[in-house]
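Student: Mind looking over this structure? Questions follow.
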Amino acid sequence: MSKVIGIDLGTTNSCVSVIENGEPVIVPTGSGNRTTPSVVAFTKNGERLVGEAASRQAVTNPERTITSVKRHMGTEWSVRIDGKEYKPQTISAMILMQLKKDAEAFLGDTVTEAVITVPAYFNDIQRQATKDAGRIAGLNVKRIINEPTSAALSYGLNHGEPQKVMVYDLGGGTFDVSIIEIGEGVIEVLATAGDNHLGGDDFDSRITDWIIREFKREHRIDLSRDFAALQRVQEAAEQAKKELSSSESTHIVLPYLANSKGEAIHLDMTLSRSQFNDLVKDLIERTAGPVQSALSDAGIAASELGRVLLVGGSTRVPAVQDKVRALTGKEPSRNINPDECVAKGAAILGSTLEGKALPAAGTGQDLLLLDVTPLSLSIETVGGVATRLVERNSTLPTRYSRVFSTAAPYQRDVEIHVLQGERPMAKDNKTVGKFKLKGIRRAPAGVPQIEVTFDIDANGILKVSAKDLDTGKEQSITITADDRMSEAEIEQAIRDAQQYAGQDSMRRDAMELNSEAQSLLAKTQQALKNAGKQLDKAEKKQIKHDCNALQKLLMKFRVDKVSEADMENIRNAKQQLENSSARVRELYGEK
């Protein structure tokens, strides 16, 4: 049976882990790195690049390179490239396919099942979108798990002693904070809060904007209008942020960045850590609200925390660590890797789900996970009120029912409007779905008894049902808001992914065949030249004929449009030339 892999599908970087000999290990990329850039690119010749290869060419191909797609999960965002529309789920699926491929190469076995992590503050639509992405990538997603919870699971494997832990998770695009209690092998989430649009990308943007302002002030040139220059500035901004985590200042140099009156203009600036801190001060301050909210919901003071765990690459910023100290009065723990612990926790849960639970250190007991729902769930009732059925931070899985009635006399159907959020009025919350219960028996307002049930599974994914207790008629849905892909769209995306995987393989074979054929041509032509007049005319004529036949086929070769028939023709022509030129290449070829 193949193993269940754990995937941290990140905004900036993604990571995959698997259990080997009772321990979670990180799966390396093809080039030996431990994380994969969450980047997808489409080249001009139709090739699709994912991860490191996509990241490397971003500066030269910015308009066809997609980054930070996680920020669009569960929205109507899409991108059109070469006449084809791609939704966040399909772009994310491409990243997941690369991680799946790396895991299969590492394990030497097919991988079909995974646990995928999401920000704790992802709503139902975003969670389902992530699950759909996994399905498109050819993965059976056994569980969606919150990132801070996954990090705590990784920590709890080696620290099973009773304690309350805060996980402060600041990644590339999202921020989460969770209060988690560990005790006797049980990891229980007490409360969670966060911000789905706050992270290292925003820090990079502040540095980018600063560089553009300073350059414009000095040279009167607006770099934001030059797409290629802007891409270089964004890369330099990210690098500057990383350097300022260990240095008091960083030197930003970008030669030949712009032109003015035919003269090249170079960028040469110095950014100090204190300047950077001023640029991002308000962003870091935004993390204070969720921290205080999570502590309050958990009913504990910061002084009761045993540990504060920093997760996500952005927690390496010294000003972020200073803020955590100020908010909690604790020195953040450094005994987990902020880039890898989320994926490792997902692998631990994956092992548990396949019946191979791992014991928590010092307890001898298998780890048990109790997670929570991040946002309250309601339905809209008379007057546009959001009437709550499930409070935020309810332990998962959970099921809750409540009986409602009709608002108008002789109503034959009712619309169930499902909402997620903390505001008292329906219009101020996020709509996660609507459906109708039809066939209610005609009766005065307030007489029919309609039972609405919210059922949230261990993935945090919601099913809602409504039942007329008089007629027994029932209608239920797994929420299908407009932002979610339909079943037909998912099936089409799966077919596209499978078709592309085949095309990808064929293109690789085609490139290899083209390279071999070009090499054969070059060697044969050199051998003919070396042979000169020593060669029999008939033999020379046959070889030249075969060379021309192969060359004509190669001149028409286009990797983005190659077919099996084209490849077969090239193979035959190549074989013909190999046969006719074998003696000449052996006698007169390069030694």
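Ligands are numbered from 1 in the order shown, chains are lettered A, B, ... in the order of the structure tokens, and residues start at 1 in each chain.
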Given only C-alpha atoms, how would the per-residue table for stretch 134-189 of chain A near stretch 76-98 of chain A read, listing every residue at most 8 Å away with its closest atom pair and distance in Å to one decimal, sorted by chain and number, as JSON lines?

Tutor:
{"residue": "A:Gly134", "atom": "CA", "partner": "A:Ala93", "partner_atom": "CA", "distance": 6.0}
{"residue": "A:Arg135", "atom": "CA", "partner": "A:Ala93", "partner_atom": "CA", "distance": 7.9}
{"residue": "A:Ile136", "atom": "CA", "partner": "A:Ala93", "partner_atom": "CA", "distance": 5.9}
{"residue": "A:Ala137", "atom": "CA", "partner": "A:Ala93", "partner_atom": "CA", "distance": 4.9}
{"residue": "A:Gly138", "atom": "CA", "partner": "A:Met97", "partner_atom": "CA", "distance": 7.5}

Student: Skipping near chain neighbours, those fewer than 2 positions away, what residues fall within 8 Å of stretch 455-459 of chain A using only C-alpha atoms, listed as number ranges by chain?

Tutor: A: 127, 143-145, 371, 396-400, 453, 461-464

Student: Write out as a list in words which residues come within 9 Å of A:Ala152 when counting only C-alpha atoms, dropping same-chain ones fewer than 4 positions away.

Tutor: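 Here the answer would be Glu147, Pro148, Gly156, Leu157, Val165, Met166, Val167, Ile180, Ile182, Ile187, Leu309, Cys341, Val342 and Gly345 of chain A.
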
Student: Save the residues we just selected, C-alpha atoms, as a compact mmCIF listing (two decimals), in the first residue's frame?

Tutor:
# COMPACT_ATOMS: atom_id res chain seq x y z
CA GLU A 147 -1.48 24.81 9.20
CA PRO A 148 -0.94 25.86 12.86
CA GLY A 156 3.86 17.38 19.86
CA LEU A 157 5.52 14.29 18.37
CA VAL A 165 1.17 26.35 23.04
CA MET A 166 0.62 29.34 20.77
CA VAL A 167 1.41 28.77 17.09
CA ILE A 180 -3.33 24.59 21.31
CA ILE A 182 -1.06 19.32 24.40
CA ILE A 187 -3.50 17.83 20.75
CA LEU A 309 6.07 28.38 18.17
CA CYS A 341 7.09 21.63 10.42
CA VAL A 342 3.69 22.13 8.72
CA GLY A 345 2.66 17.48 10.83

Student: Just checking: using only C-alpha atoms, which residue out of A:Ala488, A:Ile7, A:Ala538, A:Leu587 ends up closest to A:Thr524?

Tutor: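 Answer, going by the shortest atom-to-atom distance: A:Leu587.
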
Student: Given only C-alpha atoms as the basis, pick out the residue of A:His219, A:Ala357, A:Thr287, A:Lys242 nearest to A:Ala264.

Tutor: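 Checking each of A:His219, A:Ala357, A:Thr287, A:Lys242 against A:Ala264, counting only C-alpha atoms, the winner is A:His219.
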
Student: Counting only C-alpha atoms, figure out which residue out of A:Ile66, A:Ala408, A:Ala346, A:Ala193 gets nearest to A:Ala114.

Tutor: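 Using only C-alpha atoms, the shortest distance to A:Ala114 belongs to A:Ala346.
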
Student: So that I can check the secondary structure, give me every residue of stretch 348-460 of chain A assigned helix (DSSP H, G or I) by backbone DSSP, as a PyMOL selection string.

Tutor: chain A and resi 348-353+426-428

Student: Excluding A:Glu474 and any residue of its chain fewer than 2 positions from it, enumerate the residues within 12 Å of it, using only C-alpha atoms, and give them as number ranges by chain.

Tutor: A: 413-414, 435-440, 450-453, 464-472, 476-477

Student: I want to know what sits within 8 Å of stretch 318-329 of chain A, based on only C-alpha atoms, with residues of the same chain fewer than 6 positions away left out; could you give that as a list in words?

Tutor: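 Here the answer would be Ser245, Asn277, Ile284, Glu285, Ala288, Val291, Ala302 and Ser303 of chain A.
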